[in-house]
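Data block below; observations after.
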Amino acid sequence: MSFLSVKDLRIINKYTKEILVDSVNFDMKLGSVLGVIGESGSGKSLTCKAILGLLSPNLGYSGSIRIEGEEILGADEESLRKIRLKKLSAVFQDAMNAFDPICTIGSQMVESFQESMRYKEAKNLSKEWLEKVGLKESERVFQSYPHELSGGMLQRVMIALALARKTPLIIADEPTSALDVISQKEIIKLFQTFTDSEKCLIFVSHDLGVTSHLAKNLLVMKKGKVVEQGVCKEIFDAPKHEYTNYLITKRQELSKRFLECFA
């Protein structure tokens, strides 16, 4: 049985009637990593928000999204809260706006854990994961307010929160976009250690290189539609859609230019 099943997902703007996501279908079992790639505006983030139950009121939707057989598309807020608490974690790309500016990082992290543990245990867990994502001055970060940290540091805090909660599914939407190349490598290794037979990961990125190191399966989106999907290695070796081929070719050209700069 699939842990996550998305069937015929369609998202439209209620006012303009523009179709933003059209007929998206995929299934995920525990132990799998799905990479979702495509240009800005391709529908990647909207698909993730639909799974998280975070679509804006101005958007209409149809289809089905089930987690362990439970329908979540259109579920009430209390049902969604329980599902998110036990089964879902997310890493968003806009870390600067993901935290409450009037509360310390530590208080926000502890709040995420306190339904299942006491304060001291939640604080120790928070600091442990801050260090795991490369924030070695964990006590200072724990006591800091969001505006006192850089965008890259806040991105690491968000990743620490998602991984520490140990939910079966993590949705990571451009999780390394605010990080330098060396930091990206470190975070990818962390995500690799996260994936096992009891967990699954949706990794959204415009970077094919990063995605290819992590994902087993791939979803390629363009203008709200899935233009190609399947095993990541097979798609990279022999893309069937012209858009996928374009993305891979451009990635290879950029990599070649990068290497020539250091030749």
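Residues are referred to by chain and number: the chain letter is A, B, ... according to the order shown in the structure tokens, the number counts from 1 in that chain, and ligands are numbered separately from 1 in the order shown.
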_Taking 4 positions as the minimum chain separation for residues in the same chain, which residues sit within 8 Å of Leu208 of chain A when counting only C-alpha atoms? Answer as a list in words._
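Close residues of Leu208 of chain A: Ile37, Ser212, Leu247, Ile248 and Arg251 of chain A.
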For segment 221-231 of chain A, work out the shell of residues within 7 Å, counting only C-alpha atoms and skipping chain neighbours fewer than 4 positions away, then give it as a PDB file with N, CA and C atoms, in the first residue's frame.
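The resulting file, around_11.pdb, is shown below:
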ATOM      1  N   LEU A  20      -3.631  26.070 -12.668  1.00  0.00           N
ATOM      2  CA  LEU A  20      -2.253  26.203 -12.180  1.00  0.00           C
ATOM      3  C   LEU A  20      -1.554  24.856 -12.058  1.00  0.00           C
ATOM      4  N   VAL A  21      -2.312  23.831 -11.713  1.00  0.00           N
ATOM      5  CA  VAL A  21      -1.802  22.452 -11.661  1.00  0.00           C
ATOM      6  C   VAL A  21      -2.855  21.573 -12.298  1.00  0.00           C
ATOM      7  N   ASP A  22      -2.438  20.695 -13.198  1.00  0.00           N
ATOM      8  CA  ASP A  22      -3.412  19.935 -13.974  1.00  0.00           C
ATOM      9  C   ASP A  22      -3.068  18.448 -14.017  1.00  0.00           C
ATOM     10  N   SER A  23      -3.951  17.638 -13.457  1.00  0.00           N
ATOM     11  CA  SER A  23      -3.875  16.170 -13.562  1.00  0.00           C
ATOM     12  C   SER A  23      -2.536  15.597 -13.093  1.00  0.00           C
ATOM     13  N   VAL A  24      -2.133  15.941 -11.882  1.00  0.00           N
ATOM     14  CA  VAL A  24      -0.908  15.387 -11.308  1.00  0.00           C
ATOM     15  C   VAL A  24      -1.223  14.071 -10.607  1.00  0.00           C
ATOM     16  N   ILE A  37      11.188  18.372 -10.256  1.00  0.00           N
ATOM     17  CA  ILE A  37      11.962  19.456 -10.868  1.00  0.00           C
ATOM     18  C   ILE A  37      11.117  20.202 -11.890  1.00  0.00           C
ATOM     19  N   GLY A  38      11.545  21.413 -12.172  1.00  0.00           N
ATOM     20  CA  GLY A  38      10.844  22.251 -13.142  1.00  0.00           C
ATOM     21  C   GLY A  38      11.163  23.704 -12.875  1.00  0.00           C
ATOM     22  N   GLU A  39      10.877  24.549 -13.842  1.00  0.00           N
ATOM     23  CA  GLU A  39      11.170  25.969 -13.711  1.00  0.00           C
ATOM     24  C   GLU A  39      10.185  26.633 -12.756  1.00  0.00           C
ATOM     25  N   GLY A  41       7.111  28.542 -11.443  1.00  0.00           N
ATOM     26  CA  GLY A  41       5.767  28.600 -11.995  1.00  0.00           C
ATOM     27  C   GLY A  41       5.286  27.309 -12.613  1.00  0.00           C
ATOM     28  N   SER A  42       6.053  26.239 -12.443  1.00  0.00           N
ATOM     29  CA  SER A  42       5.668  24.960 -13.048  1.00  0.00           C
ATOM     30  C   SER A  42       4.641  24.197 -12.220  1.00  0.00           C
ATOM     31  N   GLY A  43       4.391  24.645 -10.981  1.00  0.00           N
ATOM     32  CA  GLY A  43       3.394  23.967 -10.140  1.00  0.00           C
ATOM     33  C   GLY A  43       3.992  23.102  -9.052  1.00  0.00           C
ATOM     34  N   LYS A  44       5.317  23.113  -8.911  1.00  0.00           N
ATOM     35  CA  LYS A  44       5.983  22.270  -7.917  1.00  0.00           C
ATOM     36  C   LYS A  44       5.538  22.621  -6.489  1.00  0.00           C
ATOM     37  N   LYS A 216      15.364   8.780  -6.096  1.00  0.00           N
ATOM     38  CA  LYS A 216      15.294   7.518  -6.832  1.00  0.00           C
ATOM     39  C   LYS A 216      14.314   7.639  -7.992  1.00  0.00           C
ATOM     40  N   ASN A 217      13.265   8.408  -7.771  1.00  0.00           N
ATOM     41  CA  ASN A 217      12.262   8.630  -8.808  1.00  0.00           C
ATOM     42  C   ASN A 217      12.129  10.123  -9.070  1.00  0.00           C
ATOM     43  N   ILE A 235      15.600   8.440 -16.591  1.00  0.00           N
ATOM     44  CA  ILE A 235      15.222   9.714 -17.211  1.00  0.00           C
ATOM     45  C   ILE A 235      16.459  10.527 -17.562  1.00  0.00           C
ATOM     46  N   HIS A 241      10.969  13.478 -23.008  1.00  0.00           N
ATOM     47  CA  HIS A 241      10.313  14.745 -23.335  1.00  0.00           C
ATOM     48  C   HIS A 241      11.353  15.813 -23.658  1.00  0.00           C
TER      49      HIS A 241
END
*asked:* With DSSP run on the backbone, what are the helix (DSSP H, G or I) residues within segment 30-231 of chain A? I'd like them as a PyMOL selection string.
replied: chain A and resi 44-52+77-87+95-97+105-113+119-132+138-143+146-148+151-164+181-194+208-214
*Selected residue, from A:Ser89, A:Leu54, A:Gly152, A:Lys7, that lies nearest to Glu77 of chain A when counting only C-alpha atoms*: A:Leu54
*Excluding Glu115 of chain A and any residue of its chain fewer than 3 positions from it, enumerate the residues within 12 Å of it, using only C-alpha atoms, and give them as number ranges by chain.*
A: 82, 85-86, 109-112, 118-119, 121-122, 165
_Neighbouring residues of Arg84 of chain A were defined as those with any atom within 10 Å, considering only C-alpha atoms; residues of the same chain fewer than 4 positions away were excluded. Please report them as a VMD selection string._
chain A and resid 52 to 53 78 to 80 88 to 90 167 169
*asked:* Rounded to one decimal, what separation in Å do you get between atom CA of Asn13 of chain A and atom CA of Leu219 of chain A?
replied: 22.9 Å
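Within segment 74-184 of chain A, the backbone-based DSSP assignment of strand (DSSP E) covers Leu88, Ser89, Ala90, Val91, Leu169, Ile170, Ile171, Ala172 and Asp173 of chain A.
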Mind writing the picked residues with C-alpha atoms as a tab-separated table (two decimals), in the first residue's frame?
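Final output, part-v6.tsv:
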chain	number	residue	atom	x	y	z
A	88	LEU	CA	4.22	15.45	7.85
A	89	SER	CA	7.15	17.84	8.09
A	90	ALA	CA	8.09	20.56	5.63
A	91	VAL	CA	11.08	22.67	4.67
A	169	LEU	CA	7.09	12.13	5.24
A	170	ILE	CA	9.20	15.24	4.71
A	171	ILE	CA	8.40	17.68	1.93
A	172	ALA	CA	11.49	19.75	1.15
A	173	ASP	CA	10.76	22.65	-1.22
*Write out as a PyMOL selection string the residues lying within 12 Å of Phe26 of chain A, counting only C-alpha atoms and excluding same-chain residues fewer than 5 positions away.*
chain A and resi 2-9+34-36+47+51+64-66+202+217-220+226+228-230
Save the residues we just selected, C-alpha atoms, as an mmCIF file, in the first residue's frame?
data_model
loop_
_atom_site.group_PDB
_atom_site.id
_atom_site.type_symbol
_atom_site.label_atom_id
_atom_site.label_comp_id
_atom_site.auth_asym_id
_atom_site.auth_seq_id
_atom_site.Cartn_x
_atom_site.Cartn_y
_atom_site.Cartn_z
ATOM 1 C CA SER A 2 1.225 3.505 -0.872
ATOM 2 C CA PHE A 3 1.949 5.848 1.998
ATOM 3 C CA LEU A 4 1.071 8.874 -0.157
ATOM 4 C CA SER A 5 -1.221 8.766 -3.162
ATOM 5 C CA VAL A 6 -1.965 11.799 -5.351
ATOM 6 C CA LYS A 7 -4.647 11.280 -7.984
ATOM 7 C CA ASP A 8 -5.852 13.706 -10.675
ATOM 8 C CA LEU A 9 -4.842 16.765 -8.641
ATOM 9 C CA LEU A 34 10.785 11.546 -5.135
ATOM 10 C CA GLY A 35 12.518 14.432 -6.880
ATOM 11 C CA VAL A 36 10.289 17.121 -8.394
ATOM 12 C CA THR A 47 1.510 20.610 -5.412
ATOM 13 C CA ILE A 51 -0.339 17.878 0.221
ATOM 14 C CA SER A 64 -7.546 13.175 -4.265
ATOM 15 C CA ILE A 65 -4.594 13.211 -1.864
ATOM 16 C CA ARG A 66 -4.440 10.320 0.572
ATOM 17 C CA ILE A 202 9.678 14.688 -1.596
ATOM 18 C CA ASN A 217 12.262 8.630 -8.808
ATOM 19 C CA LEU A 218 11.635 11.853 -10.689
ATOM 20 C CA LEU A 219 8.682 14.063 -11.600
ATOM 21 C CA VAL A 220 9.322 16.729 -14.255
ATOM 22 C CA VAL A 226 3.791 16.475 -15.357
ATOM 23 C CA GLU A 228 7.750 13.085 -17.596
ATOM 24 C CA GLN A 229 8.035 10.779 -14.608
ATOM 25 C CA GLY A 230 9.828 7.575 -13.719
#
